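Have a look at the structure below, then the notes.
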Amino acid sequence: MKASELPPAIVRGVSQVDFQVDYRTALCFIVALFVGGWQFGVFGLLGAAVATLTAVVLGVSSDRVTGGLEGFNGTLIGVALVLYFDVRWVTVLLVIIGAIMGSVLTSALVALLGPYNLPTFTAPFCAVTTIMVVGAPAFERIWRGRSMAAPPSAAYPGRELTFTDLWQGLFNGVGQVFFQSKWYVGLIFLIGLAFAGRLVALSALLASAVGIVVAIVLGAPAADIGAGLYGYNAVLTGIALTGTFVVLSRLGVLYAVAGAVAATVLTAFVTDFFKPVGGHTLTWPFVIVTWIFLAAVPAFSGLRRSPT
Amino acid sequence: MKASELPPAIVRGVSQVDFQVDYRTALCFIVALFVGGWQFGVFGLLGAAVATLTAVVLGVSSDRVTGGLEGFNGTLIGVALVLYFDVRWVTVLLVIIGAIMGSVLTSALVALLGPYNLPTFTAPFCAVTTIMVVGAPAFERIWRGRSMAAPPSAAYPGRELTFTDLWQGLFNGVGQVFFQSKWYVGLIFLIGLAFAGRLVALSALLASAVGIVVAIVLGAPAADIGAGLYGYNAVLTGIALTGTFVVLSRLGVLYAVAGAVAATVLTAFVTDFFKPVGGHTLTWPFVIVTWIFLAAVPAFSGLRRSPT
Amino acid sequence: MKASELPPAIVRGVSQVDFQVDYRTALCFIVALFVGGWQFGVFGLLGAAVATLTAVVLGVSSDRVTGGLEGFNGTLIGVALVLYFDVRWVTVLLVIIGAIMGSVLTSALVALLGPYNLPTFTAPFCAVTTIMVVGAPAFERIWRGRSMAAPPSAAYPGRELTFTDLWQGLFNGVGQVFFQSKWYVGLIFLIGLAFAGRLVALSALLASAVGIVVAIVLGAPAADIGAGLYGYNAVLTGIALTGTFVVLSRLGVLYAVAGAVAATVLTAFVTDFFKPVGGHTLTWPFVIVTWIFLAAVPAFSGLRRSPT
C-alpha cells in the first residue's frame with residue numbers, strides 16, 4: 001500500500017459507518033460532524049486514522065483498508081469518547097488505545113464471523129466503547145467530576161409528543177448514528193446518503209419513521225423520540241436489509257420492516273440492560289438484530305443475500 | 001406445503017417445547033394450558049400460529065415446519081408475555097412481534113449452531129422474552145402500573161420445607177416449563193409425556209427430583225422449591241440428555257444427572273444475574289447447560305449423540 | 001491411560017494455569033499455594049484431581065489429560081471457591097460439582113473453539129466460578145453470614161501510591177493469577193516460571209509492569225495496584241502472546257504490549273460490570289482479550305501463530 005492511499009482510506013472510514021464508499025458521502029458526513037461540533041470532526045478523524053494505521057502496520061489485506069472497512073469503528077470510538085469524556089488529553093489517549101483495540105477486534109471478528117458470511121458491522125466500536133464507559137469510574141483521572149449522561153426524557157419526563165418531535169426525530173434518527181441530535185446535522189447526513197443512491201436515503205428515512213411509529217405505539221417518552229434515540233438503530237438496520245446485504249424484493253422490504261421494528265424494541269432492552277452499570281445503548285441493537293436477520297437468510301427460500 | 005398441514009404443525013409446536021411430536025402429547029399439553037388458565041391456552045396457540053406462519057411465509061424447509069420446530073418458541077413467548085403483561089391488546093401486539101422475531105432468530109440459530117450439530121432449543125423464546133421484559137419499563141403503554149413478578153419466597157421468606165412442597169414441587173417442576181404452578185396441571189403435562197414414552201415421563205420425574213434435592217442441599221427457599229422453580233430446567237435437561245439427544249447408557253444416565261445438577265445451580269445464577277434489570281430466569285439454564293453438555297459429547301469416547 | 005499417569009497429570013494441572021508443563025514449575029506453584037495458605041493447596045489439588053478424573057471417566061483423549069489441560073480449570077475453581085466460601089464441607093461439595101461442570105465445559109469449548117484454533121484458556125474456571133458466586137446468595141446454606149469480598153481500595157480509598165505498592169504490585173501481579181496477594185508468594189510463582197524458561201518469567205514481569213503503568217496513568221486506586229489486581233490479567237495475556245501462542249518477533253512484542261494494555265482496561269470493565277450482581281473479575285479480561293488477539297492473527301501478515 002502506498003502512503004497516498006491512506007487519506008482516502010481514512011475518509012471512507014467515516015462513510016463506512018453507514019456502509020458507503022462514495023467520497024461525496026464521506027465528505028458530507030465529515031461536514032456534518034464538524035457542524036455538530038469541531039471536536040466530533042477532529043476526534044472522529046483521529047479514531048479513523050489510528051484504526052486504519054494499526055491495520056496497515058499489522059498487515060491487513062489492502063482491499064479492506066482502502067475500502068474504509070478498517071477505519072469506521074475508529075471513527076465512532078473517537079466521536080463517542082469525546083462526547084462522554086470531553087476534550088482532554090486523557091481522551092486523546094483513550095481514543096488511541098480504543099482505536100487500536102477496535103482494530104484488533106475487527107480482525108478477530110472477520111475471522112470468527114467469516115464462516116457465516118457476516119460483516120463485523122459496528123460491533124468493535126460497541127464493544128470498545130462499552131468497555132471504556134463502564135470501566136471509566138474505576139479510573140480517577142478519567143472519571144473526575146463526571147456523571148452518566150442522562151437521556152432527554154430525564155429532564156422532560158411526562159411531556160406530550162409534538163409535531164416538532166416527529167419531524168425533527170425523523171432527521172435525528174439519521175444523525176444519532178453519529179451521536180448527533182440537531183435536525184439539520186441529520187439532514188446533512190441524509191444528503192450524504194443521497195449521493196450514495198436515492199434508495200439508500202429513502203431506506204434511511206423510512207426506517208427512521210418505522211422506529212418512531214413503534215416507539216409511539218409502545219409508549220416511549222416523547223423527548224427521546226424527538227431526539228432520534230428510537231430511530232438510529234432502525235435506520236442502520238433498514239439500510240443494511242434493503243439492497244445492501246439482502247437482495248431487494250417485496251418480501252425483502254417486509255423483512256427489513258420487521259428488522260427495523262426489532263431494532264427499536266431492542267433499543268429499550270439494551271438501554272435498560274446497561275443502566276445498572278452505566279453502559280450506553282450505542283448501536284448494539286442494530287448489530288445484534290442485523291447479524292440475526294442476515295444469519296437467518298439462508299434458511300429462507302424467499303430471500304437472498306446480496307453478492308459482496 | 002398445503003394449508004391442511006398447518007394446524008397439526010401448530011399443535012406440534014406446543015409439544016416440541018418438551019421435544020415431542022406425538023399428537024396425544026400435544027393435546028394433553030394444550031389441555032394443561034387451558035386448565036392453568038384460558039389465556040395461557042389462547043396466547044400459547046397464538047404464538048405458535050404466528051411463529052409457524054412466519055416460517056411458512058419466509059420459506060423455511062417444510063420438514064422443520066410440519067415437525068413443530070418452527071412453532072414451539074412462539075408458544076412459550078405467548079404464554080410468558082400474557083403472564084407478565086396480562087390480557088390486553090398491547091400484549092397481543094407484543095406476542096405477534098415477539099413470535100416473528102423468535103421465528104427469524106430460530107433460523108439464524110439453525111445456521112449458527114448447525115456446524116456444531118446443536119438444536120436451537122428454547123433460546124429464541126428466552127432471548128425474545130428477556131428483551132421484552134427488560135425493555136418494557138421504557139414503554140409507558142406496556143408498563144403502566146406493573147411491577148416485577150416476585151418469586152413465592154418473597155412472600156414466605158423463612159418458611160420450613162413441608163411434605164406438600166416436596167410432592168407438589170415434583171409435579172410443578174414439569175408444569176413450570178410452561179410457567180404453570182398448580183400440581184395437577186403439572187400432572188397433566190406428565191401424562192402427556194407418558195404418551196410419548198414411559199422413559200420420557202420417568203426422566204422428567206427423576207430430573208425434577210434431582211433439582212429438588214440439589215436445591216434442598218444448597219439451601220434454597222422452601223416456597224420456591226414447592227413452586228417447582230428449581231426443577232423445570234432440570235426436567236428439560238434430563239429429558240434432553242436421556243435418549244433424546246444422547247444415546248442411553250449407564251454413563252449417559254450419570255451424565256444426565258450431572259446436567260440436571262448443573263441446570264439447578266445455574267437457575268440460581270441466572271435468577272440473580274437478571275435481578276438488577278428485572279429479567280426472568282426462563283429456560284436459560286436448560287439452554288446453556290444442554291448446549292454445553294451436547295457440544296462436549298464428541299470429546300468423550302464414553303458417550304454418543306443420538307442420530308436425529 | 002494407566003493409574004500411574006494420573007498424579008503427574010494432576011500436578012501439571014496446576015502449572016497449566018500459566019500454560020506450563022515443566023514438573024519443576026508445577027512443584028513451585030504447589031509450594032506457593034501452600035505458602036499462601038494450606039487451604040489453597042488442598043482445595044486447588046482437589047479441584048485439579050476431580051476435573052482430571054472426570055475427563056478420564058468420560059473418555060477424553062489421553063494426551064489432553066496427561067498434559068494437564070483437563071485439570072487446570074479445576075485447580076482455580078478449588079482455590080477460588082475456598083477463598084469465597086471458606087473451609088467448610090459445603091465448599092468441598094461445591095468444588096466437586098464445579099470441577100465436574102468445568103470439565104464438561106472444557107470439552108464443549110474445545111469443540112466450539114477448535115475451528116478457530118483457540119484454546120479454552122481459563123474460561124471454564126471463569127464461567128463456573130461466576131455462576132457459583134453470583135448464584136450463592138440464593139442458597140442459604142452457602143451464603144449464611146457471608147458478604148461480597150471488597151477490593152483493598154474499599155478500605156483505603158484515597159491513599160497515595162508508594163514505592164512499596166510498585167515493587168510488591170509487580171510480584172503480586174504474578175501471584176494474583178492464583179488469588180495470592182503476598183509478594184513472596186508471587187515471587188515463588190515467578191521462580192516456577194523461570195524453570196519453564198527465562199523468556200516466560202521475563203514476559204510475566206514486564207506484563208505485570210505494563211499493567212501497573214496503565215493503571216497509574218488512568219488513575220486506578222493505589223491499594224488495588226499494590227495488591228496486583230491490575231496486573232494479573234496482563235501477566236497471563238503477556239505470557240500467552242510472547243512465544244507461547246504467537247511466534248516471537250519485534251511486531252509480536254508490540255502486539256503483546258497492546259494485549260496487556262487491553263487486558264488492564266478490561267479489568268476495570270469486568271469489575272464494574274459484575275458489581276451489581278456480586279460477580280468477580282477473575283481472569284475474564286485475559287480470556288476475552290487473548291481470544292480476540294489470537295483470533296485476529298490470521299488477518300495480519302506481520303504476525304504468525306506458534307505451531308502447537
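Ordering of the C-alpha cells sets the chain letters (A, B, ...), residue numbers begin anew at 1 in every chain, and ligands are numbered from 1 in the order given.
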
Any idea which chain B residues end up within 7 Å of chain A if we count only C-alpha atoms, as a VMD selection string please?
chain B and resid 58 to 60 101 104 to 105 107 to 108 111 131 to 132 134 to 135 138 to 142 276 to 277

Go ahead and save the picked residues with C-alpha atoms, as a JSON list (two decimals), in the first residue's frame.
```json
[["chain", "number", "residue", "atom", "x", "y", "z"],
["B", 58, "LEU", "CA", -40.31, -16.77, 4.62],
["B", 59, "GLY", "CA", -39.90, -20.21, 3.09],
["B", 60, "VAL", "CA", -38.35, -22.39, 5.79],
["B", 101, "MET", "CA", -38.64, -12.04, 15.99],
["B", 104, "VAL", "CA", -36.16, -15.17, 12.49],
["B", 105, "LEU", "CA", -33.88, -15.90, 15.47],
["B", 107, "SER", "CA", -33.50, -19.67, 11.57],
["B", 108, "ALA", "CA", -30.40, -17.66, 12.49],
["B", 111, "ALA", "CA", -27.46, -21.64, 10.70],
["B", 131, "ILE", "CA", -35.74, -8.45, 25.54],
["B", 132, "MET", "CA", -39.46, -7.72, 26.01],
["B", 134, "VAL", "CA", -36.26, -5.98, 30.40],
["B", 135, "GLY", "CA", -37.21, -3.39, 27.77],
["B", 138, "ALA", "CA", -39.15, 2.08, 28.83],
["B", 139, "PHE", "CA", -42.60, 1.92, 27.24],
["B", 140, "GLU", "CA", -45.31, 3.62, 29.25],
["B", 141, "ARG", "CA", -48.17, 1.81, 27.46],
["B", 142, "ILE", "CA", -46.80, -1.63, 28.33],
["B", 276, "PRO", "CA", -30.86, -5.76, 38.70],
["B", 277, "VAL", "CA", -32.51, -5.34, 35.28]]
```

DSSP says helix (DSSP H, G or I) for which residues of stretch 135-289 of chain C? Put them as a PyMOL selection string?
chain C and resi 135-138+140-143+152-155+163-178+183-196+198-218+222-226+232-244+250-277+284-289

Give me, as an MDAnalysis selection string, all polymer residues having an atom no more than 12 Å from B:Phe171, counting only C-alpha atoms and skipping those fewer than 6 positions away in the same chain.
chainID B and resid 164:165 177 180:191 201:202 204:209 211:212 225:232 235

Can those selected residues be exported to a file as a compact mmCIF listing (two decimals), in the first residue's frame so that it contains N, CA, C and O atoms?
```txt
# COMPACT_ATOMS: atom_id res chain seq x y z
N THR B 164 -45.76 -31.32 51.56
CA THR B 164 -46.52 -30.77 50.42
C THR B 164 -45.59 -30.11 49.41
O THR B 164 -45.77 -30.27 48.20
N ASP B 165 -44.61 -29.35 49.90
CA ASP B 165 -43.63 -28.75 48.99
C ASP B 165 -42.97 -29.81 48.12
O ASP B 165 -42.78 -29.63 46.92
N VAL B 177 -42.21 -25.58 33.17
CA VAL B 177 -41.65 -25.39 31.83
C VAL B 177 -42.55 -24.45 31.04
O VAL B 177 -42.10 -23.65 30.23
N GLN B 180 -46.52 -22.97 34.68
CA GLN B 180 -47.68 -23.39 35.44
C GLN B 180 -47.25 -23.86 36.83
O GLN B 180 -46.30 -24.63 36.95
N SER B 181 -47.99 -23.42 37.87
CA SER B 181 -47.56 -23.74 39.23
C SER B 181 -48.65 -24.44 40.05
O SER B 181 -48.69 -24.33 41.26
N LYS B 182 -49.59 -25.11 39.35
CA LYS B 182 -50.55 -25.94 40.08
C LYS B 182 -50.15 -27.39 39.85
O LYS B 182 -49.94 -27.79 38.70
N TRP B 183 -50.10 -28.18 40.93
CA TRP B 183 -49.56 -29.54 40.80
C TRP B 183 -50.33 -30.39 39.80
O TRP B 183 -49.75 -31.19 39.08
N TYR B 184 -51.66 -30.20 39.72
CA TYR B 184 -52.44 -31.06 38.81
C TYR B 184 -52.23 -30.66 37.35
O TYR B 184 -52.39 -31.48 36.45
N VAL B 185 -51.87 -29.40 37.10
CA VAL B 185 -51.50 -29.02 35.74
C VAL B 185 -50.20 -29.72 35.35
O VAL B 185 -50.08 -30.27 34.24
N GLY B 186 -49.25 -29.73 36.29
CA GLY B 186 -48.00 -30.46 36.05
C GLY B 186 -48.25 -31.94 35.77
O GLY B 186 -47.61 -32.54 34.91
N LEU B 187 -49.23 -32.49 36.49
CA LEU B 187 -49.56 -33.91 36.30
C LEU B 187 -50.09 -34.16 34.89
O LEU B 187 -49.75 -35.17 34.25
N ILE B 188 -50.94 -33.25 34.38
CA ILE B 188 -51.45 -33.42 33.01
C ILE B 188 -50.30 -33.38 32.00
O ILE B 188 -50.26 -34.17 31.06
N PHE B 189 -49.35 -32.46 32.21
CA PHE B 189 -48.17 -32.43 31.33
C PHE B 189 -47.43 -33.77 31.39
O PHE B 189 -47.00 -34.31 30.38
N LEU B 190 -47.31 -34.31 32.62
CA LEU B 190 -46.59 -35.58 32.80
C LEU B 190 -47.29 -36.72 32.07
O LEU B 190 -46.65 -37.57 31.43
N ILE B 191 -48.63 -36.73 32.13
CA ILE B 191 -49.40 -37.75 31.40
C ILE B 191 -49.14 -37.60 29.91
O ILE B 191 -48.94 -38.58 29.19
N ALA B 201 -41.33 -39.74 30.45
CA ALA B 201 -42.01 -39.33 31.69
C ALA B 201 -41.14 -39.63 32.91
O ALA B 201 -41.05 -38.82 33.85
N LEU B 202 -40.49 -40.80 32.90
CA LEU B 202 -39.62 -41.18 34.01
C LEU B 202 -38.44 -40.21 34.14
O LEU B 202 -38.10 -39.75 35.25
N ALA B 204 -38.31 -37.14 33.18
CA ALA B 204 -38.82 -35.85 33.64
C ALA B 204 -38.99 -35.86 35.15
O ALA B 204 -38.57 -34.93 35.86
N LEU B 205 -39.60 -36.95 35.66
CA LEU B 205 -39.88 -37.03 37.09
C LEU B 205 -38.59 -37.11 37.90
O LEU B 205 -38.42 -36.42 38.92
N LEU B 206 -37.64 -37.95 37.45
CA LEU B 206 -36.38 -38.09 38.16
C LEU B 206 -35.58 -36.79 38.14
O LEU B 206 -34.99 -36.39 39.15
N ALA B 207 -35.57 -36.13 36.98
CA ALA B 207 -34.82 -34.88 36.87
C ALA B 207 -35.43 -33.82 37.78
O ALA B 207 -34.71 -33.05 38.43
N SER B 208 -36.76 -33.81 37.87
CA SER B 208 -37.43 -32.88 38.79
C SER B 208 -36.98 -33.16 40.22
O SER B 208 -36.72 -32.23 41.00
N ALA B 209 -36.86 -34.46 40.55
CA ALA B 209 -36.40 -34.84 41.90
C ALA B 209 -34.96 -34.40 42.14
O ALA B 209 -34.62 -33.91 43.23
N GLY B 211 -33.46 -31.86 40.81
CA GLY B 211 -33.50 -30.42 41.04
C GLY B 211 -33.89 -30.09 42.48
O GLY B 211 -33.29 -29.23 43.12
N ILE B 212 -34.89 -30.81 42.99
CA ILE B 212 -35.35 -30.56 44.37
C ILE B 212 -34.26 -30.91 45.37
O ILE B 212 -33.99 -30.14 46.31
N ILE B 225 -38.95 -23.96 46.07
CA ILE B 225 -38.83 -25.39 45.76
C ILE B 225 -40.21 -25.99 45.51
O ILE B 225 -40.43 -26.72 44.55
N GLY B 226 -41.16 -25.63 46.37
CA GLY B 226 -42.52 -26.14 46.23
C GLY B 226 -43.20 -25.69 44.95
O GLY B 226 -44.03 -26.39 44.38
N ALA B 227 -42.82 -24.50 44.47
CA ALA B 227 -43.43 -23.97 43.25
C ALA B 227 -42.79 -24.57 42.00
O ALA B 227 -43.21 -24.28 40.89
N GLY B 228 -41.76 -25.40 42.18
CA GLY B 228 -41.13 -26.05 41.03
C GLY B 228 -40.07 -25.20 40.36
O GLY B 228 -39.57 -25.56 39.30
N LEU B 229 -39.70 -24.07 40.98
CA LEU B 229 -38.78 -23.14 40.33
C LEU B 229 -37.36 -23.69 40.20
O LEU B 229 -36.60 -23.25 39.36
N TYR B 230 -37.00 -24.67 41.06
CA TYR B 230 -35.66 -25.26 40.94
C TYR B 230 -35.68 -26.57 40.16
O TYR B 230 -34.68 -27.25 40.07
N GLY B 231 -36.86 -26.91 39.62
CA GLY B 231 -36.95 -28.19 38.94
C GLY B 231 -37.09 -28.13 37.43
O GLY B 231 -36.59 -29.01 36.73
N TYR B 232 -37.74 -27.11 36.88
CA TYR B 232 -38.14 -27.20 35.46
C TYR B 232 -36.96 -27.18 34.50
O TYR B 232 -37.02 -27.83 33.46
N VAL B 235 -35.67 -30.63 34.54
CA VAL B 235 -36.57 -31.52 33.79
C VAL B 235 -36.22 -31.52 32.30
O VAL B 235 -36.03 -32.58 31.69
```

Which residue of A:Gly192, A:Thr75, A:Pro152, A:Pro307 approaches A:Val31 most closely, using only C-alpha atoms:
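Between A:Gly192, A:Thr75, A:Pro152, A:Pro307, the residue approaching A:Val31 most closely is A:Gly192.
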
Excluding C:Phe179 and any residue of its chain fewer than 2 positions from it, enumerate the residues within 9 Å of it, using only C-alpha atoms, and give them as a PyMOL selection string.
chain C and resi 76+79-80+83+175-177+181+282

Tell me, in Å to one decimal, how far atom CA of C:Gly13 is from atom CA of B:Pro285.
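Going from atom CA of C:Gly13 over to atom CA of B:Pro285, I get 28.3 Å.
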
Between C:Ala155, C:Val50, C:Phe43, C:Trp284, which residue has the minimum interatomic distance to C:Trp89, considering only C-alpha atoms?
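The closest residue to C:Trp89 is C:Phe43.
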
Which residues are close to C:Val133, i.e. within 9 Å by only C-alpha atoms, leaving aside same-chain residues fewer than 2 positions away? Reply as a short mmCIF file (atom, residue, chain, number, x, y, z; two decimals) with C-alpha atoms, in the first residue's frame.
```cif
data_model
loop_
_atom_site.label_atom_id
_atom_site.label_comp_id
_atom_site.auth_asym_id
_atom_site.auth_seq_id
_atom_site.Cartn_x
_atom_site.Cartn_y
_atom_site.Cartn_z
CA PHE B 269 -27.13 -17.81 38.85
CA LEU C 81 -14.28 -21.29 45.96
CA TYR C 84 -15.00 -17.02 48.67
CA PHE C 85 -16.85 -19.69 50.70
CA VAL C 128 -18.17 -21.91 36.74
CA THR C 129 -16.86 -19.59 39.47
CA THR C 130 -19.03 -16.68 38.26
CA ILE C 131 -22.07 -18.98 38.27
CA GLY C 135 -25.83 -17.73 42.42
CA ALA C 136 -24.68 -18.31 46.00
CA PRO C 137 -26.92 -15.74 47.74
CA GLY C 278 -21.71 -9.55 43.06
CA GLY C 279 -19.54 -11.29 40.47
CA HIS C 280 -15.75 -11.13 40.50
#
```

Leaving out C:Asp18 and any residue of its chain fewer than 3 positions from it, which residues lie within 8 Å of it when counting only C-alpha atoms, given as a ChimeraX atom specification?
/C:15,236,239

Spatial neighbours of A:Thr66, max dist 7 Å, only C-alpha atoms, sep filter under 2 positions, as an mmCIF file with C-alpha atoms, in the first residue's frame:
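Final output, saved to out_21.cif:
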```cif
data_model
loop_
_atom_site.group_PDB
_atom_site.id
_atom_site.type_symbol
_atom_site.label_atom_id
_atom_site.label_comp_id
_atom_site.auth_asym_id
_atom_site.auth_seq_id
_atom_site.Cartn_x
_atom_site.Cartn_y
_atom_site.Cartn_z
ATOM 1 C CA GLU A 5 -3.801 5.680 -0.425
ATOM 2 C CA ALA A 9 -8.995 5.142 3.185
ATOM 3 C CA SER A 62 -5.143 -3.792 1.426
ATOM 4 C CA ASP A 63 -8.646 -4.056 -0.101
ATOM 5 C CA ARG A 64 -10.174 -3.933 3.373
ATOM 6 C CA GLY A 68 -12.530 2.111 4.722
#
```

What is the atom CA of B:Thr242 to atom CA of B:Ala256 distance in Å?
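The value is 6.4 Å.
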
I'd like the interatomic distance between atom CA of B:Leu199 and atom CA of B:Gln16, to a tenth of an Å.
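Pair atom CA of B:Leu199 / atom CA of B:Gln16 returns 16.5 Å.
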